[in-house]
Amino acid sequence: MTAVADKPDLEIGRDRRRKEDQRLITGRTRWTDNLVLPGMLHLAMVRSPFAHAKIVSIDTEAAKQSPNVVGVFTGADLGEAQGACINAWAITPDQVTPPHVPMPSDRVAFAGETVAVVVARTAAEARDAAELVDVEYDELPAALDLKESAADTVLAHPDLGTNKSALWVFDSAEAGTGSSADAAIEKARGDGIVIEREYRQQRLIPAFMEPRSTVVDPTGEQITVWSATQIPHILRFAIAATTGVPESKIRVIAPDVGGGFGGKLQQTPEEMITFAVARKLGKPVKYTETRSESLMTAHHGRDQWQKLTLSAEKDGTVTGLKVELTADLGAYIAIVGGGVPVLGAFMFNAIYKFPAYHFSCQTVLTNKTWTDAYRGAGRPEATYAIERLMDELAIEVGVDPLEIREKNWIKHEEFPFTTVAGLEYDSGNYEAATAKAKEAFGYDELRAEQKQRRESGDRIQLGIGISTFTEMCGLAPSRVLGSLNYGAGGWEHASVRMLATGKVEVITGASAHGQGHETAFSQIVADRLGVAFEDVEVLHGDTQIAHKGLDTYGSRSLVVGGEALVKAADKVIEKAKPIAAHLLEASVDDIEFSAGRFSVRGTDQGLAMAEIAMATFAAHNLPDGIEPSIDSDATYDPVNFNYPHGTHLCAMEVDTETGGVLMRKYVCVDDIGNIINPMIVEGQVHGGLAQGIAQALWEEAVYDDSGTLVSGSFVDYLLPTSADTISFEVDHTTTASTTNTLGTKGVGEAGTIASTPAVVNAVVDAVRQFGVNDIQMPCTPERVWRAIHSGDGGDETEGAAAPHFTEETGMQGQTDRTDGANQ
Amino acid sequence: MARIELTVDGAKVSDDVEPRMLLVQYLREKLGKTGTVIGCDTSNCGACTVHLDGRSVKSCNVLAVQANGREVTTIEGLADGDQLHPVQEAFRECHGLQCGFCTPGMIMQAVDLLGENPSPTEAEVREGMEGNLCRCTGYHNIVKSVLHAAGGAK
């Protein structure tokens with residue numbers, strides 16, 4: 001037992017080294033693929049090479065004769081036992097949703113879809129035999145290009161009669177949260193400024209480092225599923241709901257999980273097939289994907305066209321914003337699927353005081369890999385659009401892009417602030433974060449250098465990119481989710497168990513996969529209960545231990561899961577008070593709890609938390625009518641979202657002869673409220689930045705004309721390396737959130753949400769003097785070079801700001817007129 | 001099947017293996033050395049990095065039979081009992097890992113890099129670690145960890 005009653009230092013705010021690391025740095029790990037069970041069999045998937053085809057026949061005979069093959073199953077063989085992959089969020093009541101059988105038996109809808117599964121004694125034998133499965137396909141035309149698919153040129157699912165899945169609309173005039181965006185734009189066409197742009201959010205792949213793996217053991221009373229997932233609880237629900245196996249007979253364990261970034265927020269066909277095969281054979285089975293399978297079939301992210309119209313007064317005061325999105329769902333609507341762009345719907349107005357706002361999103365089915373959450377999920381797209389537009393507005397008005405932002409943003413004294421999208425921002429201070437970032441960045445000096453390079457016609461031009469972002473995170477208030485037709489709530493659960501030896505077991509429904517929950521949650525509980533950091537053990541990721549939870553995504557673990565922990569810990573204290581009073585022979589009203597010690601007011605008598613725990617365990621001397629337990633549970637439903645913000649500044653050098661870009665400096669000052677562990681927070685920001693920067697500069701999932709993913713390996717999908725990136729300067733300002741006890745805000749996605757527009761703004765800023773106002777992401781040297789040189793012949797970009805979504809210009813808005821398009 | 005004999009993390013081992021078996025598969029499947037992991041199929045990610053006769057190799061790019069008669073060190077054999085290797089210690093100290101999947105490979109590569117260049121610059125660390133991918137850290141703290149290990153308590 002550790003005596004800590006007089007421990008002076010608070011844990012919250014300390015840069016505690018992580019509890020998780022000892023195992024991870026010594027190789028003592030439990031990745032799903034590490035698990036070996038007696039008699040365990042291995043699966044290999046036979047996958048369609050075609051994006052869209054009828055399955056004419058599947059000949060499995062040769063595979064079945066292959067050495068040590070135990071079985072080969074097709075969709076027809078597994079039938080309804082496969083269950084189904086669910087979409088938890090039909091964004092409109094009339095959403096067109098194709099049925100999603102994990103392994104179809106009649107038709108494949110994307111390249112990589114599983115058509116048969118081979119079971120063998122070793123993984124190598126399973127894969128050898130998979131090569132012998134002979135599938136005859138009748139290839140069908142494939143819906144590939146997003147805009148063409150939106151026009152129903154070719155149908156991704158002919159039976160549905162359309163590719164258009166759902167149209168989700170928000171209008172501030174209709175919602176009563178603002179006026180009419182159309183009216184504001186119309187007015188500005190007469191006497192103000194109208195900026196019209198179309199931006200492309202390219203398709204990205206989450207590319208977590210640990211390939212997905214699932215082991216299913218059906219030999220116990222409960223069927224145990226180990227899976228490399230972010231969502232063990234949701235997965236258990238989905239398996240039960242679609243297979244008919246009672247939820248109480250399924251135990252899902254997410255052991256060590258090697259990254260997710262939204263990519264493991266899914267109920268996958270592979271998990272369902274593995275579950276079905278294990279049940280069919282009555283033996284433990286394992287499926288581990290190859291990297292190529294992962295890139296080809298694990299869900300992708302982003303993939304939108306954004307048609308944007310911003311109106312402003314001549315002085316740059318914004319008056320309206322209209323956003324029309326077309327979003328690629330891929331072949332099936334994934335678990336959150338169409339909901340991802342809707343998560344961005346509330347964020348395009350960002351930190352600015354738009355009086356009028358209109359948002360629409362058309363989701364579209366195609367014959368490509370399904371899309372779903374990827375770090376930021378909806379908010380990076382929104383932030384990109386608005387932060388790019390604010391730069392364009394600054395150019396139009398002729399002022400510094402920071403000045404135009406400041407003119408329009410919510411002032412710190414205006415919080416709480418209800419936005420035109422209907423959200424109430426509880427806190428923030430954009431002025432403070434921006435001032436700090438400017439100073440750390442050396443903003444004025446870099447602007448001076450930029451001017452000098454421009455004037456001297458230097459081959460290397462310098463650009464400065466700005467992103468003053470906010471986001472909504474801490475998913476999510478259940479009633480809001482209900483109003484959006486989401487299929488579940490957004491609460492989180494926690495338990496605190498006080499063990500006889502003075503140790504504390506903390507159980508959380510949030511399921512970490514690299515974020516450091518064990519450490520940060522230990523710090524919170526240590527402070528709350530006044531016990532030692534080392535005495536707290538955080539348990540998670542197993543539905544039999546953490547029996548209740550909604551898992552980890554949407555920067556929710558700390559602000560929702562952490563609050564549940566606080567509430568459970570507070571209940572422990574309340575339950576302990578009568579016991580302490582009894583043992584101290586005092587009235588409950590006179591018991592005070594502070595720094596882990598129950599004391600009698602006005603005396604030096606007291607007992608430590610651990611002593612109460614021991615006395616409760618022994619139960620020899622408890623007050624009448626008090627149960628011998630101070631363990632407590634809490635389920636917390638957030639009252640609001642959570643709104644981190646920050647100012648990110650990026651300096652990019654562009655080689656005007658080669659189009660090559662080089663990041664010179666990146667400074668960010670984020671306001672994420674009170675910080676539990678600054679070291680972990682910095683790490684989250686760094687990683688987030690790298691992913692957002694990668695969208696701007698390197699990454700894109702590319703399909704060829706027949707619907708084959710050509711960036712289907714790490715040779716072709718360009719993840720940044722240590723040599724591509726730089727060290728970042730990360731700092732903070734703090735305005736505590738007012739909607740949770742600890743005053744914290746989410747941080748997991750902030751870096752990704754903020755950084756992409758900062759980088760692209762910087763690249764465009766570097767070459768704007770060549771008449772460039774956009775370069776499509778990723779800003780490859782070729783695209784940058786072409787953008788610079790497209791103006792060589794004359795007047796290319798003159799009309800870029802013209803109202804090209806109007807009759808006068810032939811309604812050209814449906815085609816991409818950005819300089820970087822089609823390159 | 002081919003007979004191989006080698007030393008892995010200080011222990012002599014001997015097995016019959018398929019000639020096509022990769023060293024990483026041998027380590028994981030035959031020896032249970034699951035600290036070494038597989039992150040890709042194309043020798044891009046470096047998660048499987050081990051030392052072969054004291055130099056770093058991507059063990060998905062080496063056949064088990066090529067390790068015959070040689071000495072392999074994995075992440076599991078790097079520490080001296082309870083005494084962590086300074087590079088392991090540095091990764092913890094500098095928060096050079098999050099999910100930890102790339103970490104065994106990162107650490108093994110960093111040890112090799114520092115063996116060759118005990119006092120690297122940041123640029124040399126970034127070049128030297130280029131063959132190992134990480135998706136969590138943005139490399140910032142990995143680079144810091146390697147520099148920290150190089151500079152002792154600096």
# chains A, B, ... in the order shown; residues from 1 in each chain; ligands from 1
$ select_by_dssp --residues "stretch 446-684 of chain A" --states "helix (DSSP H, G or I)" --output "VMD selection string"
chain A and resid 446 to 456 478 to 483 517 to 529 533 to 535 557 to 583 588 to 590 609 to 618 678 to 684
$ interface_residues --of "chain A" --to "chain B" --cutoff "8 Å" --atoms "only C-alpha atoms" --output "JSON, numbers by chain"
{"A": [17, 18, 21, 22, 24, 25, 26, 27, 28, 29, 34, 207, 208, 209, 210, 211, 257, 258, 259, 290, 291, 292, 513, 514, 515, 516, 679, 680, 683, 684, 686, 687, 688, 689, 690, 691, 713, 714, 715, 719, 720, 721, 722, 723, 725, 726, 727, 728]}
$ atom_distance --atom1 "atom CA of A:Ala440" --atom2 "atom CA of A:Lys665"
10.4 Å
$ closest_residue --among "A:Ala651, A:Ala510, A:Ala377, A:Leu35" --to "A:His547" --atoms "only C-alpha atoms"
A:Ala510
$ select_by_dssp --residues "chain B" --states "strand (DSSP E or B)" --output "number ranges by chain"
B: 2-8, 11-17, 22, 49-52, 55-58, 63, 71-73, 80, 83
$ residues_around --residues "stretch 46-54 of chain A" --least-positions-apart "5" --cutoff "7 Å" --atoms "only C-alpha atoms" --output "list in words"
Asp106, Arg107, Val108, Ala109, Phe110, Ala111, Gly112, Glu113, Thr114, Val115, Ala116, Val117, Ala130, Tyr137, Asp138, Glu139, Leu140, Pro141, Ala142, Asn367, Lys368, Ser706, Gly707 and Thr708 of chain A
$ residues_around --residues "stretch 392-400 of chain A" --least-positions-apart "6" --cutoff "9 Å" --atoms "only C-alpha atoms" --output "number ranges by chain"
A: 193-195, 310, 312, 314-316, 773
$ write_last_selection --atoms "C-alpha atoms" --output "PDB file, in the first residue's frame"
ATOM      1  CA  ILE A 193     -17.573  40.245 -53.043  1.00  0.00           C
ATOM      2  CA  VAL A 194     -18.433  36.742 -54.155  1.00  0.00           C
ATOM      3  CA  ILE A 195     -15.768  34.043 -54.040  1.00  0.00           C
ATOM      4  CA  LEU A 310     -18.675  32.842 -50.018  1.00  0.00           C
ATOM      5  CA  ALA A 312     -18.828  39.367 -48.237  1.00  0.00           C
ATOM      6  CA  LYS A 314     -16.573  45.093 -49.939  1.00  0.00           C
ATOM      7  CA  ASP A 315     -14.631  45.601 -46.713  1.00  0.00           C
ATOM      8  CA  GLY A 316     -14.317  41.833 -46.232  1.00  0.00           C
ATOM      9  CA  ASN A 773      -5.122  30.490 -56.877  1.00  0.00           C
TER      10      ASN A 773
END
$ atom_distance --atom1 "atom CA of A:Lys745" --atom2 "atom CA of A:His645"
9.3 Å
$ closest_residue --among "A:Glu413, A:Arg768, A:Leu462, A:Ala476" --to "A:Glu653" --atoms "only C-alpha atoms"
A:Leu462
$ residues_around --residues "B:Asp15" --least-positions-apart "5" --cutoff "8 Å" --atoms "only C-alpha atoms" --output "list in words"
Arg3, Ile4 and Glu5 of chain B
$ atom_distance --atom1 "atom CA of A:Tyr357" --atom2 "atom CA of A:Ala421"
7.2 Å
$ residues_around --residues "A:Val784" --least-positions-apart "4" --cutoff "12 Å" --atoms "only C-alpha atoms" --output "PyMOL selection string"
chain A and resi 653-662+696-697+760+763-768+770+772-780+788-790+819-821+823
$ residues_around --residues "stretch 556-564 of chain A" --least-positions-apart "6" --cutoff "7 Å" --atoms "only C-alpha atoms" --output "ChimeraX atom specification"
/A:473-475,491-494,508,510,521,634-636,638,740-741,744-746
$ closest_residue --among "A:Val336, A:Val364, A:Val342, A:Ile273" --to "A:Ala488" --atoms "only C-alpha atoms"
A:Val336
$ closest_residue --among "A:Thr319, A:Thr752, A:Thr309, A:Thr32" --to "A:Ile386" --atoms "only C-alpha atoms"
A:Thr309
$ decode --residues "stretch 50-63 of chain A" --atoms "all heavy atoms" --output "PDB file, in the first residue's frame"
ATOM      1  N   PHE A  50     -11.918  -7.467 -60.207  1.00  0.00           N
ATOM      2  CA  PHE A  50     -12.748  -6.531 -60.970  1.00  0.00           C
ATOM      3  C   PHE A  50     -13.520  -5.600 -60.041  1.00  0.00           C
ATOM      4  O   PHE A  50     -13.951  -5.998 -58.963  1.00  0.00           O
ATOM      5  CB  PHE A  50     -13.748  -7.284 -61.858  1.00  0.00           C
ATOM      6  CG  PHE A  50     -13.079  -8.172 -62.871  1.00  0.00           C
ATOM      7  CD1 PHE A  50     -13.186  -9.549 -62.773  1.00  0.00           C
ATOM      8  CD2 PHE A  50     -12.328  -7.622 -63.900  1.00  0.00           C
ATOM      9  CE1 PHE A  50     -12.554 -10.371 -63.702  1.00  0.00           C
ATOM     10  CE2 PHE A  50     -11.700  -8.438 -64.831  1.00  0.00           C
ATOM     11  CZ  PHE A  50     -11.815  -9.820 -64.730  1.00  0.00           C
ATOM     12  N   ALA A  51     -13.744  -4.381 -60.514  1.00  0.00           N
ATOM     13  CA  ALA A  51     -14.483  -3.410 -59.716  1.00  0.00           C
ATOM     14  C   ALA A  51     -15.974  -3.732 -59.686  1.00  0.00           C
ATOM     15  O   ALA A  51     -16.669  -3.461 -58.708  1.00  0.00           O
ATOM     16  CB  ALA A  51     -14.277  -2.005 -60.281  1.00  0.00           C
ATOM     17  N   HIS A  52     -16.463  -4.332 -60.769  1.00  0.00           N
ATOM     18  CA  HIS A  52     -17.888  -4.602 -60.839  1.00  0.00           C
ATOM     19  C   HIS A  52     -18.079  -5.794 -61.763  1.00  0.00           C
ATOM     20  O   HIS A  52     -17.705  -5.728 -62.934  1.00  0.00           O
ATOM     21  CB  HIS A  52     -18.643  -3.381 -61.382  1.00  0.00           C
ATOM     22  CG  HIS A  52     -20.125  -3.438 -61.162  1.00  0.00           C
ATOM     23  ND1 HIS A  52     -21.007  -2.597 -61.788  1.00  0.00           N
ATOM     24  CD2 HIS A  52     -20.880  -4.244 -60.379  1.00  0.00           C
ATOM     25  CE1 HIS A  52     -22.246  -2.869 -61.390  1.00  0.00           C
ATOM     26  NE2 HIS A  52     -22.187  -3.873 -60.534  1.00  0.00           N
ATOM     27  N   ALA A  53     -18.611  -6.862 -61.251  1.00  0.00           N
ATOM     28  CA  ALA A  53     -18.752  -8.065 -62.080  1.00  0.00           C
ATOM     29  C   ALA A  53     -19.759  -9.008 -61.474  1.00  0.00           C
ATOM     30  O   ALA A  53     -19.973  -9.033 -60.257  1.00  0.00           O
ATOM     31  CB  ALA A  53     -17.399  -8.774 -62.211  1.00  0.00           C
ATOM     32  N   LYS A  54     -20.389  -9.772 -62.364  1.00  0.00           N
ATOM     33  CA  LYS A  54     -21.227 -10.872 -61.901  1.00  0.00           C
ATOM     34  C   LYS A  54     -20.330 -12.066 -61.615  1.00  0.00           C
ATOM     35  O   LYS A  54     -19.371 -12.315 -62.353  1.00  0.00           O
ATOM     36  CB  LYS A  54     -22.233 -11.260 -62.994  1.00  0.00           C
ATOM     37  CG  LYS A  54     -23.496 -10.441 -62.968  1.00  0.00           C
ATOM     38  CD  LYS A  54     -24.540 -11.020 -63.898  1.00  0.00           C
ATOM     39  CE  LYS A  54     -25.745 -10.092 -63.928  1.00  0.00           C
ATOM     40  NZ  LYS A  54     -26.381 -10.032 -65.241  1.00  0.00           N
ATOM     41  N   ILE A  55     -20.638 -12.788 -60.556  1.00  0.00           N
ATOM     42  CA  ILE A  55     -19.911 -14.020 -60.276  1.00  0.00           C
ATOM     43  C   ILE A  55     -20.646 -15.132 -61.025  1.00  0.00           C
ATOM     44  O   ILE A  55     -21.789 -15.460 -60.691  1.00  0.00           O
ATOM     45  CB  ILE A  55     -19.879 -14.319 -58.765  1.00  0.00           C
ATOM     46  CG1 ILE A  55     -19.232 -13.150 -58.013  1.00  0.00           C
ATOM     47  CG2 ILE A  55     -19.140 -15.629 -58.493  1.00  0.00           C
ATOM     48  CD1 ILE A  55     -19.418 -13.206 -56.504  1.00  0.00           C
ATOM     49  N   VAL A  56     -20.007 -15.677 -62.046  1.00  0.00           N
ATOM     50  CA  VAL A  56     -20.659 -16.720 -62.846  1.00  0.00           C
ATOM     51  C   VAL A  56     -20.508 -18.073 -62.159  1.00  0.00           C
ATOM     52  O   VAL A  56     -21.469 -18.822 -62.000  1.00  0.00           O
ATOM     53  CB  VAL A  56     -20.065 -16.759 -64.279  1.00  0.00           C
ATOM     54  CG1 VAL A  56     -20.715 -17.874 -65.094  1.00  0.00           C
ATOM     55  CG2 VAL A  56     -20.246 -15.408 -64.964  1.00  0.00           C
ATOM     56  N   SER A  57     -19.298 -18.379 -61.752  1.00  0.00           N
ATOM     57  CA  SER A  57     -19.072 -19.659 -61.071  1.00  0.00           C
ATOM     58  C   SER A  57     -17.809 -19.580 -60.226  1.00  0.00           C
ATOM     59  O   SER A  57     -16.931 -18.756 -60.488  1.00  0.00           O
ATOM     60  CB  SER A  57     -18.924 -20.783 -62.101  1.00  0.00           C
ATOM     61  OG  SER A  57     -17.760 -20.553 -62.881  1.00  0.00           O
ATOM     62  N   ILE A  58     -17.751 -20.416 -59.220  1.00  0.00           N
ATOM     63  CA  ILE A  58     -16.556 -20.502 -58.374  1.00  0.00           C
ATOM     64  C   ILE A  58     -16.193 -21.974 -58.237  1.00  0.00           C
ATOM     65  O   ILE A  58     -16.977 -22.771 -57.700  1.00  0.00           O
ATOM     66  CB  ILE A  58     -16.797 -19.886 -56.973  1.00  0.00           C
ATOM     67  CG1 ILE A  58     -17.255 -18.432 -57.101  1.00  0.00           C
ATOM     68  CG2 ILE A  58     -15.528 -19.982 -56.128  1.00  0.00           C
ATOM     69  CD1 ILE A  58     -17.581 -17.770 -55.773  1.00  0.00           C
ATOM     70  N   ASP A  59     -15.039 -22.343 -58.750  1.00  0.00           N
ATOM     71  CA  ASP A  59     -14.583 -23.726 -58.667  1.00  0.00           C
ATOM     72  C   ASP A  59     -13.553 -23.835 -57.543  1.00  0.00           C
ATOM     73  O   ASP A  59     -12.451 -23.292 -57.634  1.00  0.00           O
ATOM     74  CB  ASP A  59     -13.971 -24.134 -60.014  1.00  0.00           C
ATOM     75  CG  ASP A  59     -13.518 -25.595 -60.002  1.00  0.00           C
ATOM     76  OD1 ASP A  59     -13.561 -26.220 -58.917  1.00  0.00           O
ATOM     77  OD2 ASP A  59     -13.115 -26.086 -61.072  1.00  0.00           O
ATOM     78  N   THR A  60     -13.927 -24.526 -56.493  1.00  0.00           N
ATOM     79  CA  THR A  60     -13.055 -24.605 -55.322  1.00  0.00           C
ATOM     80  C   THR A  60     -12.355 -25.963 -55.202  1.00  0.00           C
ATOM     81  O   THR A  60     -11.644 -26.213 -54.234  1.00  0.00           O
ATOM     82  CB  THR A  60     -13.870 -24.361 -54.034  1.00  0.00           C
ATOM     83  OG1 THR A  60     -14.890 -25.372 -53.943  1.00  0.00           O
ATOM     84  CG2 THR A  60     -14.524 -22.994 -54.051  1.00  0.00           C
ATOM     85  N   GLU A  61     -12.579 -26.846 -56.167  1.00  0.00           N
ATOM     86  CA  GLU A  61     -12.090 -28.224 -56.039  1.00  0.00           C
ATOM     87  C   GLU A  61     -10.579 -28.314 -55.871  1.00  0.00           C
ATOM     88  O   GLU A  61     -10.080 -28.984 -54.965  1.00  0.00           O
ATOM     89  CB  GLU A  61     -12.543 -29.069 -57.252  1.00  0.00           C
ATOM     90  CG  GLU A  61     -13.915 -29.669 -57.085  1.00  0.00           C
ATOM     91  CD  GLU A  61     -14.143 -30.276 -55.690  1.00  0.00           C
ATOM     92  OE1 GLU A  61     -13.369 -31.173 -55.292  1.00  0.00           O
ATOM     93  OE2 GLU A  61     -15.066 -29.825 -54.987  1.00  0.00           O
ATOM     94  N   ALA A  62      -9.846 -27.639 -56.746  1.00  0.00           N
ATOM     95  CA  ALA A  62      -8.381 -27.724 -56.679  1.00  0.00           C
ATOM     96  C   ALA A  62      -7.882 -27.201 -55.335  1.00  0.00           C
ATOM     97  O   ALA A  62      -6.961 -27.766 -54.732  1.00  0.00           O
ATOM     98  CB  ALA A  62      -7.768 -26.934 -57.827  1.00  0.00           C
ATOM     99  N   ALA A  63      -8.492 -26.120 -54.870  1.00  0.00           N
ATOM    100  CA  ALA A  63      -8.076 -25.551 -53.582  1.00  0.00           C
ATOM    101  C   ALA A  63      -8.345 -26.541 -52.445  1.00  0.00           C
ATOM    102  O   ALA A  63      -7.532 -26.701 -51.527  1.00  0.00           O
ATOM    103  CB  ALA A  63      -8.814 -24.244 -53.333  1.00  0.00           C
TER     104      ALA A  63
END
